[in-house]
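Colleague: I have a structure I would like to understand better, so I am pasting it below and will then ask my questions one at a time.
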Number of protein chains: 2
Amino acid sequence: MTSKSKIKHIPVEMHILSENDQLAAENRTWFASQGIFVVNLISSPGSGKTSLLVETLKALKGKLKCAVIEGDQQTDLDARRIAETGIPVRQINTGQACHLDAAMIKRAVNELAVAGLDLLFIENVGNLICPAEFDLGEHVKVVLMSVTEGEEKPLKYPLIFHLAGAAVITKTDLIPHLRFDIKVAESNIRQVNAKAPILHTSAYTQAGMQDWLGWLDSERHRLSKSS
Amino acid sequence: MTSKSKIKHIPVEMHILSENDQLAAENRTWFASQGIFVVNLISSPGSGKTSLLVETLKALKGKLKCAVIEGDQQTDLDARRIAETGIPVRQINTGQACHLDAAMIKRAVNELAVAGLDLLFIENVGNLICPAEFDLGEHVKVVLMSVTEGEEKPLKYPLIFHLAGAAVITKTDLIPHLRFDIKVAESNIRQVNAKAPILHTSAYTQAGMQDWLGWLDSERHRLSKSS
């Protein structure tokens with residue numbers, strides 16, 4: 001791109017981001033007024049967001065009222081997996097877009113039954129880059145990386161790891177079959193994020209699920225005390 | 001986003017794409033004039049692009065003159081892995097950008113020693129969405145998906161699987177440890193791409209490497225005959 005097209009491009013992106021930020025702030029205020037804790041799950045495609053979500057929803061059933069917004073470029077495959085748990089779910093297909101935005105969330109929330117809801121999970125489009133830049137009005141971003149992706153992802157895609165309130169290393173049951181050093185992965189996360197808890201989970205063996213559920217619960221109570 | 005900001009946004013994106021397409025066409029013409037076959041590798045983060053590339057470069061050493069352009073948001077970790085093979089490599093850090101573009105490739109090629117080069121590999125930023133939309137002037141796009149990502153990725157991210165000249169299913173050594181049905185994955189690729197060869201590889205066990213190298217060789221010869 002020439003500098004001419006860059007000069008043209010930047011103000012428009014800024015305009016869109018600022019409009020998105022305003023809508024995200026409106027979403028956040030509304031969620032707070034309803035007492036809904038909102039978690040935005042972000043990872044590469046295939047890191048196990050939906051699997052973690054399905055196990056989380058099963059564990060919380062009867063304890064908290066949950067709902068899910070699913071973001072994908074195409075298909076309602078993930079929404080169907082969530083629907084099997086009996087939890088209300090709304091699929092957003094972004095078409096060519098590489099991330100969810102605050103306006104999409106506002107529309108989806110209007111179409112979900114949210115009365116009395118405690119917890120809303122947003123599963124973003126599988127992408128470590130673009131979703132990091134768009135505030136949806138969530139209370140916390142959670143980044144996932146699977147053990148099969150290698151240790152260096154936090155350094156190569158630092159923004160989302162920097163912004164995350166928690167980092168979940170998934171598919172830990174596969175570690176014995178890989179050359180993956182979880183201590184190196186954790187140290188790489190620490191290079192871009194000094195304090196977010198780092199959790200280890202396997203949706204397959206259920207290892208680490210109690211730590212993850214415990215973190216969710218403490219974050220939700222922290223929010224309700226501060227608002 | 002309101003319709004107002006959409007109307008503002010679209011012409012600028014079109015302008016950038018059309019400028020990119022023009023530069024990509026110039027790159028393609030120049031590559032053809034030099035007899036350089038150019039492959040653009042695209043996948044999610046952690047699908048094994050660099051590992052496949054390292055094994056490919058080792059196998060081609062002494063047979064073909066290769067070079068590599070590495071795209072990442074941050075770090076030169078992948079370029080260092082490639083450099084260990086002794087093959088010329090140039091790292092592009094895209095910063096916030098979620099894909100390589102034709103102008104970046106033009107600049108990187110100017111900085112690489114390309115005299116007498118047979119094969120240039122471009123490893124795009126780890127992202128199944130945005131890189132699909134930007135022509136770099138390559139001769140063929142290759143999409144990779146690892147067996148750990150699940151069978152449905154071609155349906156959820158159809159554009160890149162549709163555009164690819166070959167689809168490589170990687171990390172096949174892990175299949176015994178997963179609930180992954182390779183026939184379902186292949187059938188999903190076929191739903192969006194009727195004819196691209198589907199290859200299976202494991203950079204760890206070397207399984208499928210001969211098929212992959214054979215495909216690369218036949219594509220390179222097909223190109224040189226048609227130009």
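Just remember, in the structure tokens the first chain shown is A, the second B, etc., residues are 1-based per chain, and ligands are 1-based in the order shown.
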What residues in chain A lie within 6 Å of chain B, counting only C-alpha atoms, written as a list in words?
Modeller: Met1, Gly46, Gln73, Gln74, Thr75, Ala103, Glu149 and Lys156 of chain A
Colleague: Check the DSSP output for the backbone and give back, as a PyMOL selection string, the residues of chain A in strand (DSSP E).
Modeller: chain A and resi 37-42+66-72+89-93+119-123+140-146+166-170+198-200
Colleague: Quick one: residues within 12 Å of Leu60 (chain A), only C-alpha atoms, excluding same-chain residues fewer than 4 positions away - as a PyMOL selection string?
Modeller: chain A and resi 53-56+64-67+85-87+118-119+209-210+212-214+216-217
Colleague: Keeping C-alpha atoms for every residue in the selection just given, could you write it to a file as an mmCIF file, in the first residue's frame?
Modeller:
data_model
loop_
_atom_site.group_PDB
_atom_site.id
_atom_site.type_symbol
_atom_site.label_atom_id
_atom_site.label_comp_id
_atom_site.auth_asym_id
_atom_site.auth_seq_id
_atom_site.Cartn_x
_atom_site.Cartn_y
_atom_site.Cartn_z
ATOM 1 C CA LEU A 53 -17.939 -24.191 26.929
ATOM 2 C CA VAL A 54 -20.021 -27.376 26.668
ATOM 3 C CA GLU A 55 -18.333 -28.849 29.779
ATOM 4 C CA THR A 56 -18.704 -25.516 31.623
ATOM 5 C CA LEU A 64 -26.433 -20.426 37.358
ATOM 6 C CA LYS A 65 -28.635 -19.268 34.484
ATOM 7 C CA CYS A 66 -26.367 -19.162 31.424
ATOM 8 C CA ALA A 67 -26.663 -18.232 27.745
ATOM 9 C CA THR A 85 -26.896 -28.850 26.574
ATOM 10 C CA GLY A 86 -30.331 -27.167 26.726
ATOM 11 C CA ILE A 87 -28.767 -23.705 27.220
ATOM 12 C CA ASP A 118 -26.367 -14.732 35.487
ATOM 13 C CA LEU A 119 -23.714 -15.483 32.902
ATOM 14 C CA MET A 209 -12.215 -27.918 35.231
ATOM 15 C CA GLN A 210 -12.635 -27.138 38.938
ATOM 16 C CA TRP A 212 -11.597 -22.904 35.729
ATOM 17 C CA LEU A 213 -15.060 -22.966 37.335
ATOM 18 C CA GLY A 214 -13.574 -21.537 40.531
ATOM 19 C CA LEU A 216 -15.249 -17.918 36.795
ATOM 20 C CA ASP A 217 -17.122 -17.860 40.087
#
Colleague: Would you pick out the contacts of Leu41 (chain B) at 6 Å or less, using only C-alpha atoms, so that residues sharing its chain but fewer than 6 positions from it are not included, and give the list as a ChimeraX atom specification?
Modeller: /B:123-124,142
Colleague: Once DSSP has gone over the backbone, tell me which residues of region 4-148 of chain B are in helix (DSSP H, G or I), as a PyMOL selection string.
Modeller: chain B and resi 4-34+49-60+77-83+102-111+130-133+147-148
Colleague: Kindly give the distance, in Å, that separates CA of Ala164 (chain A) and CA of Arg81 (chain A), rounded to a single decimal.
Modeller: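 If I compute the distance from CA of Ala164 (chain A) to CA of Arg81 (chain A), I get 25.3 Å.
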Colleague: Please identify all polymer residues within 6 Å of Lys141 (chain B), counting only C-alpha atoms, omitting same-chain residues fewer than 4 positions from it, and present them as a ChimeraX atom specification.
Modeller: /B:39-40,164-165
